[in-house]
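Student: Dropping in structure_9.txt, which is compact mmCIF, C-alpha atoms:
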```
# COMPACT_ATOMS: atom_id res chain seq x y z
CA MET A 1 -2.93 -16.45 -26.03
CA VAL A 2 -0.71 -13.48 -25.31
CA ARG A 3 -1.57 -9.80 -25.39
CA PHE A 4 0.48 -6.70 -24.69
CA PHE A 5 -0.66 -3.25 -23.64
CA GLN A 6 1.23 -0.11 -22.80
CA GLN A 7 0.62 3.36 -21.42
CA LYS A 8 2.85 6.36 -20.69
CA HIS A 9 2.55 9.39 -18.46
CA SER A 10 4.79 11.61 -16.36
CA TYR A 11 5.06 12.91 -12.80
CA ASP A 12 5.87 16.51 -11.88
CA TYR A 13 8.47 15.35 -9.38
CA SER A 14 12.18 14.60 -9.69
CA TRP A 15 13.27 11.02 -10.30
CA ASN A 16 14.86 10.82 -6.81
CA THR A 17 11.51 11.63 -5.23
CA VAL A 18 9.49 9.37 -7.54
CA SER A 19 11.80 6.37 -7.07
CA TYR A 20 11.64 6.90 -3.30
CA ALA A 21 7.84 7.11 -3.39
CA PHE A 22 7.61 4.04 -5.62
CA LEU A 23 9.57 1.92 -3.14
CA ASN A 24 7.37 3.24 -0.33
CA ARG A 25 4.06 3.19 -2.18
CA TYR A 26 2.33 0.75 0.17
CA PRO A 27 0.18 1.27 2.09
CA ASN A 28 -1.89 4.00 0.50
CA PRO A 29 -5.67 4.60 0.37
CA PHE A 30 -5.80 3.56 -3.31
CA ALA A 31 -4.18 0.17 -2.71
CA THR A 32 -6.28 -1.33 0.06
CA HIS A 33 -6.30 -4.63 -1.86
CA VAL A 34 -2.58 -5.03 -1.06
CA LEU A 35 -2.55 -6.78 2.29
CA THR A 36 1.10 -7.49 2.99
CA ALA A 37 4.45 -6.62 1.40
CA ASP A 38 7.76 -8.27 2.22
CA THR A 39 11.27 -7.73 0.92
CA ILE A 40 12.83 -11.11 0.27
CA GLU A 41 16.04 -9.86 -1.29
CA HIS A 42 17.94 -6.62 -1.49
CA ARG A 43 21.48 -6.30 -2.74
CA ILE A 44 23.73 -4.00 -4.69
CA ASP A 45 25.36 -5.46 -7.79
CA PRO A 46 29.03 -4.53 -7.24
CA SER A 47 29.80 -4.45 -10.98
CA THR A 48 26.98 -2.08 -11.99
CA GLY A 49 26.14 -0.28 -8.73
CA GLU A 50 22.47 -1.15 -9.30
CA LEU A 51 20.18 -1.96 -6.40
CA HIS A 52 18.15 -5.18 -6.80
CA ILE A 53 15.06 -5.71 -4.68
CA THR A 54 12.66 -8.65 -4.71
CA ARG A 55 9.33 -8.32 -2.95
CA LEU A 56 6.43 -10.61 -2.24
CA LEU A 57 3.00 -9.00 -2.17
CA ARG A 58 -0.22 -10.55 -0.93
CA LYS A 59 -3.40 -9.15 -2.45
CA THR A 60 -7.08 -9.86 -2.12
CA ASN A 61 -8.30 -11.56 -5.21
CA SER A 62 -11.51 -10.24 -6.67
CA VAL A 63 -12.74 -12.87 -9.08
CA PRO A 64 -15.48 -12.08 -11.64
CA ARG A 65 -18.75 -13.89 -10.88
CA TRP A 66 -18.62 -16.14 -13.95
CA ALA A 67 -15.15 -17.41 -12.99
CA ARG A 68 -15.94 -18.31 -9.39
CA GLY A 69 -16.68 -21.89 -10.28
CA ILE A 70 -13.16 -22.48 -11.53
CA MET A 71 -11.25 -20.21 -9.19
CA ARG A 72 -11.36 -20.21 -5.45
CA GLU A 73 -11.64 -16.82 -3.86
CA ASN A 74 -8.43 -16.74 -1.91
CA ASP A 75 -5.48 -14.38 -1.72
CA ALA A 76 -3.18 -13.93 -4.67
CA TYR A 77 0.59 -13.70 -4.37
CA ILE A 78 2.59 -11.39 -6.60
CA LEU A 79 6.35 -11.35 -6.97
CA GLU A 80 8.03 -8.03 -7.76
CA ASP A 81 11.54 -7.54 -9.04
CA VAL A 82 12.93 -3.99 -8.91
CA VAL A 83 16.23 -2.72 -10.30
CA VAL A 84 17.33 0.81 -9.45
CA ASP A 85 20.14 2.42 -11.43
CA PRO A 86 21.01 5.64 -9.59
CA LYS A 87 23.58 6.77 -12.18
CA GLY A 88 21.17 6.44 -15.09
CA SER A 89 18.22 7.65 -12.95
CA THR A 90 16.16 4.62 -13.94
CA LEU A 91 13.93 2.28 -11.94
CA VAL A 92 12.46 -0.82 -13.55
CA SER A 93 9.85 -2.88 -11.72
CA LYS A 94 8.54 -6.18 -13.03
CA THR A 95 5.74 -8.13 -11.38
CA ARG A 96 3.97 -11.41 -11.93
CA ASN A 97 1.35 -13.42 -10.13
CA ILE A 98 2.73 -16.69 -8.75
CA THR A 99 -0.63 -18.14 -7.72
CA HIS A 100 -3.61 -18.89 -10.02
CA THR A 101 -1.09 -19.12 -12.88
CA ARG A 102 -2.96 -22.03 -14.48
CA LEU A 103 -5.78 -19.63 -15.25
CA LEU A 104 -3.92 -16.47 -16.03
CA LYS A 105 -0.46 -14.96 -15.95
CA VAL A 106 -0.24 -11.21 -15.73
CA GLU A 107 3.19 -9.65 -16.06
CA GLU A 108 3.63 -5.95 -15.56
CA LYS A 109 6.64 -3.78 -16.19
CA GLN A 110 6.95 -0.23 -15.01
CA THR A 111 9.88 1.98 -16.05
CA LEU A 112 10.56 5.27 -14.28
CA THR A 113 13.18 7.51 -15.87
CA MET A 114 14.26 11.09 -15.41
CA ASP A 115 12.82 13.33 -18.12
CA PRO A 116 15.87 14.03 -20.34
CA PHE A 117 14.64 17.58 -21.03
CA ASP A 118 13.44 18.50 -17.55
CA GLY A 119 15.10 17.05 -14.42
CA SER A 120 12.15 18.07 -12.25
CA ARG A 121 9.92 15.60 -14.09
CA THR A 122 9.85 11.80 -14.32
CA GLN A 123 8.56 9.68 -17.17
CA CYS A 124 6.60 6.53 -16.43
CA LYS A 125 5.94 3.70 -18.86
CA ASN A 126 3.57 0.85 -17.99
CA GLU A 127 3.57 -2.38 -19.97
CA THR A 128 1.29 -5.30 -19.28
CA CYS A 129 1.30 -8.75 -20.77
CA ILE A 130 -1.60 -11.14 -20.23
CA VAL A 131 -1.28 -14.84 -20.92
CA SER A 132 -4.08 -17.32 -20.44
CA SER A 133 -3.93 -20.97 -21.34
CA ILE A 134 -7.14 -22.47 -19.98
CA GLY A 135 -9.59 -24.03 -22.42
CA TYR A 136 -13.43 -24.09 -22.41
CA GLY A 137 -13.66 -20.93 -24.53
CA LEU A 138 -12.86 -18.78 -21.55
CA ASN A 139 -9.65 -17.32 -22.93
CA SER A 140 -10.97 -14.19 -24.56
CA ARG A 141 -13.42 -13.60 -21.73
CA ILE A 142 -10.63 -13.74 -19.18
CA GLU A 143 -8.39 -11.52 -21.27
CA ASN A 144 -11.10 -8.93 -21.88
CA PHE A 145 -11.86 -8.85 -18.18
CA SER A 146 -8.18 -8.27 -17.44
CA LEU A 147 -7.88 -5.75 -20.24
CA SER A 148 -10.77 -3.65 -18.97
CA ARG A 149 -8.96 -3.52 -15.67
CA PHE A 150 -5.67 -2.44 -17.18
CA SER A 151 -6.41 1.30 -17.55
CA GLU A 152 -8.40 1.28 -14.33
CA ASN A 153 -5.51 -0.26 -12.37
CA ILE A 154 -2.97 2.16 -13.79
CA ALA A 155 -5.17 5.14 -12.97
CA ARG A 156 -5.55 3.85 -9.42
CA SER A 157 -1.85 3.13 -8.92
CA ARG A 158 -1.08 6.61 -10.24
CA LYS A 159 -3.44 8.12 -7.64
CA GLY A 160 -1.65 6.08 -4.99
CA MET A 161 1.73 7.33 -6.17
CA LEU A 162 0.54 10.96 -6.15
CA TYR A 163 -0.72 10.48 -2.60
CA VAL A 164 2.66 9.11 -1.45
CA LEU A 165 4.57 11.78 -3.42
CA ASP A 166 2.58 14.55 -1.80
CA LEU A 167 3.18 13.03 1.62
CA ALA A 168 6.92 12.72 0.98
CA GLN A 169 7.13 16.30 -0.19
CA ARG A 170 5.15 17.68 2.72
CA ARG A 171 7.30 15.83 5.17
CA GLY A 172 10.31 17.40 3.52
CA LEU A 173 12.18 14.12 3.22
CA PHE A 174 14.47 15.58 0.62
CA ARG A 175 14.51 19.18 1.67
CA GLN A 176 17.57 19.01 3.85
CA ARG A 177 19.63 17.12 1.30
CA PHE A 178 18.65 19.50 -1.49
CA ARG A 179 19.61 22.46 0.65
CA MET A 180 23.02 20.93 1.27
CA GLU A 181 23.57 20.28 -2.41
CA GLN A 182 22.44 23.74 -3.34
CA HIS A 183 24.87 25.14 -0.81
CA ARG A 184 27.67 23.00 -2.24
CA LEU A 185 26.92 24.15 -5.79
CA GLU A 186 26.75 27.78 -4.76
CA SER A 187 30.07 27.64 -2.96
CA GLN A 188 31.86 26.14 -5.95
CA MET B 1 2.46 6.90 6.19
CA THR B 2 -0.21 6.90 8.82
CA GLU B 3 -0.10 3.13 8.92
CA LEU B 4 2.63 0.65 8.14
CA MET B 5 2.39 -2.36 5.88
CA GLU B 6 2.17 -5.76 7.56
CA SER B 7 4.39 -8.74 6.90
CA ILE B 8 2.99 -12.00 5.52
CA GLY B 9 3.88 -13.49 8.90
CA LYS B 10 2.47 -11.52 11.84
CA GLU B 11 5.45 -12.51 13.98
CA CYS B 12 7.80 -10.91 11.40
CA THR B 13 5.98 -7.56 11.24
CA PRO B 14 8.09 -5.78 13.91
CA LEU B 15 11.31 -6.86 12.16
CA LYS B 16 9.88 -5.82 8.80
CA HIS B 17 9.01 -2.36 10.13
CA GLU B 18 12.50 -1.98 11.55
CA PHE B 19 14.05 -3.02 8.23
CA ASP B 20 11.72 -0.77 6.18
CA ALA B 21 12.60 2.25 8.33
CA CYS B 22 16.32 1.49 7.95
CA PHE B 23 16.01 0.90 4.20
CA THR B 24 13.99 4.08 3.57
CA ARG B 25 16.52 6.22 5.41
CA TRP B 26 19.44 4.51 3.71
CA TYR B 27 17.88 4.86 0.25
CA SER B 28 17.24 8.60 0.46
CA GLU B 29 20.27 9.62 2.50
CA ARG B 30 22.97 7.33 1.16
CA PHE B 31 22.16 5.23 -1.90
CA LEU B 32 20.75 8.06 -4.04
CA HIS B 33 23.90 10.05 -3.30
CA GLY B 34 26.34 7.40 -4.40
CA ASP B 35 27.11 5.85 -1.01
CA LYS B 36 26.93 2.06 -1.32
CA THR B 37 27.50 1.23 2.36
CA ASN B 38 24.82 -1.20 3.45
CA ASP B 39 23.46 0.01 6.78
CA CYS B 40 20.63 -2.47 7.05
CA GLU B 41 22.29 -5.86 6.62
CA LYS B 42 22.00 -6.93 10.25
CA ILE B 43 18.30 -6.20 10.60
CA PHE B 44 17.65 -7.63 7.12
CA LYS B 45 19.18 -10.97 8.18
CA ALA B 46 17.02 -11.15 11.29
CA TYR B 47 13.92 -10.30 9.22
CA GLN B 48 14.79 -12.94 6.60
CA ALA B 49 15.32 -15.62 9.22
CA CYS B 50 11.78 -14.98 10.44
CA LEU B 51 10.32 -14.80 6.94
CA LYS B 52 11.97 -18.02 5.77
CA ASN B 53 9.92 -20.10 8.20
CA VAL B 54 6.67 -18.39 7.26
CA LEU B 55 7.24 -18.88 3.52
CA ARG B 56 8.03 -22.55 4.09
CA GLU B 57 4.93 -23.09 6.23
CA LYS B 58 2.75 -21.48 3.57
CA GLY B 59 4.32 -23.58 0.82
CA LEU B 60 5.58 -20.51 -1.05
CA THR B 61 9.33 -21.19 -1.07
CA LYS B 62 9.32 -23.30 -4.21
CA MET B 63 6.77 -21.13 -6.01
CA ILE B 64 9.02 -18.13 -5.46
CA SER B 65 12.24 -19.80 -6.56
CA ASP B 66 10.52 -21.23 -9.65
CA ALA B 67 9.01 -17.91 -10.69
CA ARG B 68 11.93 -15.60 -10.00
CA PRO B 69 14.20 -16.27 -12.98
CA SER B 70 11.44 -15.71 -15.52
CA ILE B 71 9.75 -12.57 -14.18
CA GLY B 72 9.47 -10.00 -16.92
CA SER B 73 10.98 -12.31 -19.52
CA VAL B 74 7.98 -11.71 -21.80
CA PHE B 75 9.10 -8.13 -22.30
CA THR B 76 11.57 -7.54 -25.06
CA ASP B 77 12.60 -4.21 -26.58
CA ASN B 78 10.22 -4.54 -29.49
CA ASN B 79 7.05 -6.38 -28.59
CA GLU B 80 4.67 -6.93 -31.42
CA ASN B 81 0.93 -6.36 -31.20
CA ILE B 82 1.18 -3.64 -28.59
CA ASP B 83 -2.09 -1.89 -27.90
CA ASP B 84 -1.65 1.68 -26.73
CA LYS B 85 -4.37 2.40 -24.23
```
Would you kindly transcribe this structure into structure tokens?

Tutor:
Amino acid sequence: MVRFFQQKHSYDYSWNTVSYAFLNRYPNPFATHVLTADTIEHRIDPSTGELHITRLLRKTNSVPRWARGIMRENDAYILEDVVVDPKGSTLVSKTRNITHTRLLKVEEKQTLTMDPFDGSRTQCKNETCIVSSIGYGLNSRIENFSLSRFSENIARSRKGMLYVLDLAQRRGLFRQRFRMEQHRLESQ
Amino acid sequence: MTELMESIGKECTPLKHEFDACFTRWYSERFLHGDKTNDCEKIFKAYQACLKNVLREKGLTKMISDARPSIGSVFTDNNENIDDK
């Protein structure tokens, strides 16, 4: 069985800042279940100028009580594939669990794009696809459990992003560069 | 960040932190401004060499290479049965 869900919202920060925060979103106090994060590939596609990043995340795996008999409580590994297109101001992240896949596959796609009407804002689209293939009448139960977590997880990851965005802004990571660009524009 | 994220292999964590710092600086100061020079290749190679052993020991190498080509393949431009939440 396969089910899709989607949700949209926006951030009151420029795409440059949001894409930076997204790539630096761990650790944050709203993602304590993410234990480790490793980059296993990063390269620029010479034909498109896009940056490709692959990451491996290790998370704690909280299993619902009724599923503990069929699923050992051990860490879950998630693979993340990110493509950043700086010209089009677009970041696309796709993730999938690579462990416990016999029970459930959860694929998530997050698209961050510059708001076409307001460059100081960034649009965010979350899509989730849940696939379960195990028998014993557990399918819908597993999917409903995952579904109830969908909105919850997005709300939490958004809080994490806002935390990192605030931190980035307060540290003035972009201030100097913006000042330089402003100066360049003014002198033209 | 007050704390830094750990690597899957404890022995790789210092190399990971060095790479992350390099990457973060490169991303905001060069990449986003059109400069494609890769500043972090040397440290990335050292980090990967460490990581490769850890992934092999944990039996993750094959899982990763099997999963990679199909990540996100379920998403097309017009998925049916989308529930807006």

Student: What is the CA of Phe31 (chain B) to CA of Ser157 (chain A) distance in Å?

Tutor: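 Interatomic distance, CA of Phe31 (chain B) to CA of Ser157 (chain A): 25.1 Å.
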
Student: Please report as CSV every residue of chain B lying within 12 Å of region 95-98 of chain A, along with the nearest atom pair and their distance in Å (one decimal), using only C-alpha atoms.

Tutor:
```
residue,atom,partner,partner_atom,distance
B:Gly59,CA,A:Ile98,CA,11.9
B:Leu60,CA,A:Ile98,CA,9.1
B:Thr61,CA,A:Ile98,CA,11.1
B:Lys62,CA,A:Ile98,CA,10.4
B:Met63,CA,A:Ile98,CA,6.6
B:Ile64,CA,A:Ile98,CA,7.2
B:Ser65,CA,A:Ile98,CA,10.2
B:Asp66,CA,A:Ile98,CA,9.1
B:Ala67,CA,A:Ile98,CA,6.7
B:Arg68,CA,A:Arg96,CA,9.2
B:Pro69,CA,A:Arg96,CA,11.4
B:Ser70,CA,A:Arg96,CA,9.3
B:Ile71,CA,A:Arg96,CA,6.3
B:Gly72,CA,A:Thr95,CA,6.9
B:Ser73,CA,A:Arg96,CA,10.4
B:Val74,CA,A:Arg96,CA,10.7
B:Phe75,CA,A:Thr95,CA,11.4
```

Student: Please write the residues from the selection above to a file, keeping C-alpha atoms, as a PDB file, in the coordinates of the input.

Tutor:
```
ATOM      1  CA  GLY B  59       4.320 -23.580   0.820  1.00  0.00           C
ATOM      2  CA  LEU B  60       5.580 -20.510  -1.050  1.00  0.00           C
ATOM      3  CA  THR B  61       9.330 -21.190  -1.070  1.00  0.00           C
ATOM      4  CA  LYS B  62       9.320 -23.300  -4.210  1.00  0.00           C
ATOM      5  CA  MET B  63       6.770 -21.130  -6.010  1.00  0.00           C
ATOM      6  CA  ILE B  64       9.020 -18.130  -5.460  1.00  0.00           C
ATOM      7  CA  SER B  65      12.240 -19.800  -6.560  1.00  0.00           C
ATOM      8  CA  ASP B  66      10.520 -21.230  -9.650  1.00  0.00           C
ATOM      9  CA  ALA B  67       9.010 -17.910 -10.690  1.00  0.00           C
ATOM     10  CA  ARG B  68      11.930 -15.600 -10.000  1.00  0.00           C
ATOM     11  CA  PRO B  69      14.200 -16.270 -12.980  1.00  0.00           C
ATOM     12  CA  SER B  70      11.440 -15.710 -15.520  1.00  0.00           C
ATOM     13  CA  ILE B  71       9.750 -12.570 -14.180  1.00  0.00           C
ATOM     14  CA  GLY B  72       9.470 -10.000 -16.920  1.00  0.00           C
ATOM     15  CA  SER B  73      10.980 -12.310 -19.520  1.00  0.00           C
ATOM     16  CA  VAL B  74       7.980 -11.710 -21.800  1.00  0.00           C
ATOM     17  CA  PHE B  75       9.100  -8.130 -22.300  1.00  0.00           C
TER      18      PHE B  75
END
```

Student: The residues within 12 Å of (13.5, -15.4, 9.0), using all atoms listed in the file and the coordinates of the file, should be reported as a list in words; which are they?

Tutor: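 Using all atoms listed in the file, the matching residues come out as Asp38, Thr39, Ile40 and Glu41 of chain A; Ser7, Ile8, Gly9, Glu11, Cys12, Thr13, Leu15, Lys16, Ile43, Phe44, Lys45, Ala46, Tyr47, Gln48, Ala49, Cys50, Leu51, Lys52, Asn53, Val54, Leu55, Arg56 and Glu57 of chain B.
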
Student: The selected residues should be written to file as an mmCIF file, keeping the file's coordinate frame (atoms: C-alpha atoms).

Tutor:
```cif
data_model
loop_
_atom_site.group_PDB
_atom_site.id
_atom_site.type_symbol
_atom_site.label_atom_id
_atom_site.label_comp_id
_atom_site.auth_asym_id
_atom_site.auth_seq_id
_atom_site.Cartn_x
_atom_site.Cartn_y
_atom_site.Cartn_z
ATOM 1 C CA ASP A 38 7.760 -8.270 2.220
ATOM 2 C CA THR A 39 11.270 -7.730 0.920
ATOM 3 C CA ILE A 40 12.830 -11.110 0.270
ATOM 4 C CA GLU A 41 16.040 -9.860 -1.290
ATOM 5 C CA SER B 7 4.390 -8.740 6.900
ATOM 6 C CA ILE B 8 2.990 -12.000 5.520
ATOM 7 C CA GLY B 9 3.880 -13.490 8.900
ATOM 8 C CA GLU B 11 5.450 -12.510 13.980
ATOM 9 C CA CYS B 12 7.800 -10.910 11.400
ATOM 10 C CA THR B 13 5.980 -7.560 11.240
ATOM 11 C CA LEU B 15 11.310 -6.860 12.160
ATOM 12 C CA LYS B 16 9.880 -5.820 8.800
ATOM 13 C CA ILE B 43 18.300 -6.200 10.600
ATOM 14 C CA PHE B 44 17.650 -7.630 7.120
ATOM 15 C CA LYS B 45 19.180 -10.970 8.180
ATOM 16 C CA ALA B 46 17.020 -11.150 11.290
ATOM 17 C CA TYR B 47 13.920 -10.300 9.220
ATOM 18 C CA GLN B 48 14.790 -12.940 6.600
ATOM 19 C CA ALA B 49 15.320 -15.620 9.220
ATOM 20 C CA CYS B 50 11.780 -14.980 10.440
ATOM 21 C CA LEU B 51 10.320 -14.800 6.940
ATOM 22 C CA LYS B 52 11.970 -18.020 5.770
ATOM 23 C CA ASN B 53 9.920 -20.100 8.200
ATOM 24 C CA VAL B 54 6.670 -18.390 7.260
ATOM 25 C CA LEU B 55 7.240 -18.880 3.520
ATOM 26 C CA ARG B 56 8.030 -22.550 4.090
ATOM 27 C CA GLU B 57 4.930 -23.090 6.230
#
```

Student: Name the closest residue to Lys105 (chain A) among the candidates A:Cys129, A:Val84, A:Ile44, A:Cys124; distances are taken between atoms, counting all atoms listed in the file.

Tutor: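 Among the listed residues, A:Cys129 lies closest to Lys105 (chain A).
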
Student: When you get a sec, could you note down which chain A residues fall within 7 Å of chain B, using all atoms listed in the file, as a PyMOL selection string?

Tutor: chain A and resi 4-7+20+26-27+36-38+40+86+94-96+98+107+109

Student: As an mmCIF file with C-alpha atoms, in the frame of the given file, please: the residues near Leu23 (chain A) (cut-off 9 Å, all atoms listed in the file, same-chain neighbours under 4 positions excluded).

Tutor:
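Result file follows (part09.cif):
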```cif
data_model
loop_
_atom_site.group_PDB
_atom_site.id
_atom_site.type_symbol
_atom_site.label_atom_id
_atom_site.label_comp_id
_atom_site.auth_asym_id
_atom_site.auth_seq_id
_atom_site.Cartn_x
_atom_site.Cartn_y
_atom_site.Cartn_z
ATOM 1 C CA VAL A 18 9.490 9.370 -7.540
ATOM 2 C CA SER A 19 11.800 6.370 -7.070
ATOM 3 C CA VAL A 82 12.930 -3.990 -8.910
ATOM 4 C CA THR B 24 13.990 4.080 3.570
#
```

Student: I'd like to know which of A:Ser10, A:Leu56, A:Arg141, A:Ser93 is closest to Met114 (chain A), using only C-alpha atoms.

Tutor: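 For Met114 (chain A), the nearest of the candidates is A:Ser10.
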
Student: Name the residues in contact with Met1 (chain A) at a cut-off of 8 Å, using all atoms listed in the file, excluding same-chain residues fewer than 2 positions from it; report them as a list of chain:residue names.

Tutor: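 Using all atoms listed in the file, the neighbours found are A:Arg3, A:Ile130, A:Val131, A:Ser132, A:Ser133, A:Asn139.
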
Student: At what distance in Å, to one decimal, does CA of Val83 (chain A) lie from CA of Ser120 (chain A)?

Tutor: 21.3 Å

Student: For CA of Thr128 (chain A) and CA of Pro116 (chain A), quote the distance in Å rounded to one decimal.

Tutor: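 CA of Thr128 (chain A) sits 24.2 Å away from CA of Pro116 (chain A).
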
Student: Please supply region 22-33 of chain A, rebuilt with N, CA and C atoms, as an mmCIF file, in the frame of the given file.

Tutor:
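Once everything was written out, this is part-v6.cif:
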```cif
data_model
loop_
_atom_site.group_PDB
_atom_site.id
_atom_site.type_symbol
_atom_site.label_atom_id
_atom_site.label_comp_id
_atom_site.auth_asym_id
_atom_site.auth_seq_id
_atom_site.Cartn_x
_atom_site.Cartn_y
_atom_site.Cartn_z
ATOM 1 N N PHE A 22 7.977 5.335 -5.049
ATOM 2 C CA PHE A 22 7.610 4.040 -5.620
ATOM 3 C C PHE A 22 7.963 2.901 -4.655
ATOM 4 N N LEU A 23 9.149 2.979 -4.066
ATOM 5 C CA LEU A 23 9.570 1.920 -3.140
ATOM 6 C C LEU A 23 8.799 1.962 -1.830
ATOM 7 N N ASN A 24 8.158 3.094 -1.563
ATOM 8 C CA ASN A 24 7.370 3.240 -0.330
ATOM 9 C C ASN A 24 5.889 3.423 -0.626
ATOM 10 N N ARG A 25 5.419 2.865 -1.751
ATOM 11 C CA ARG A 25 4.060 3.190 -2.180
ATOM 12 C C ARG A 25 2.965 2.462 -1.403
ATOM 13 N N TYR A 26 3.320 1.437 -0.668
ATOM 14 C CA TYR A 26 2.330 0.750 0.170
ATOM 15 C C TYR A 26 2.606 1.003 1.636
ATOM 16 N N PRO A 27 1.601 1.214 2.466
ATOM 17 C CA PRO A 27 0.180 1.270 2.090
ATOM 18 C C PRO A 27 -0.198 2.654 1.602
ATOM 19 N N ASN A 28 -1.270 2.720 0.837
ATOM 20 C CA ASN A 28 -1.890 4.000 0.500
ATOM 21 C C ASN A 28 -3.384 3.742 0.285
ATOM 22 N N PRO A 29 -4.208 4.804 0.404
ATOM 23 C CA PRO A 29 -5.670 4.600 0.370
ATOM 24 C C PRO A 29 -6.192 4.039 -0.961
ATOM 25 N N PHE A 30 -5.356 4.064 -2.007
ATOM 26 C CA PHE A 30 -5.800 3.560 -3.310
ATOM 27 C C PHE A 30 -5.312 2.134 -3.562
ATOM 28 N N ALA A 31 -4.696 1.535 -2.547
ATOM 29 C CA ALA A 31 -4.180 0.170 -2.710
ATOM 30 C C ALA A 31 -4.569 -0.687 -1.509
ATOM 31 N N THR A 32 -5.843 -0.579 -1.114
ATOM 32 C CA THR A 32 -6.280 -1.330 0.060
ATOM 33 C C THR A 32 -6.362 -2.826 -0.208
ATOM 34 N N HIS A 33 -6.289 -3.212 -1.504
ATOM 35 C CA HIS A 33 -6.300 -4.630 -1.860
ATOM 36 C C HIS A 33 -4.934 -5.284 -1.612
#
```
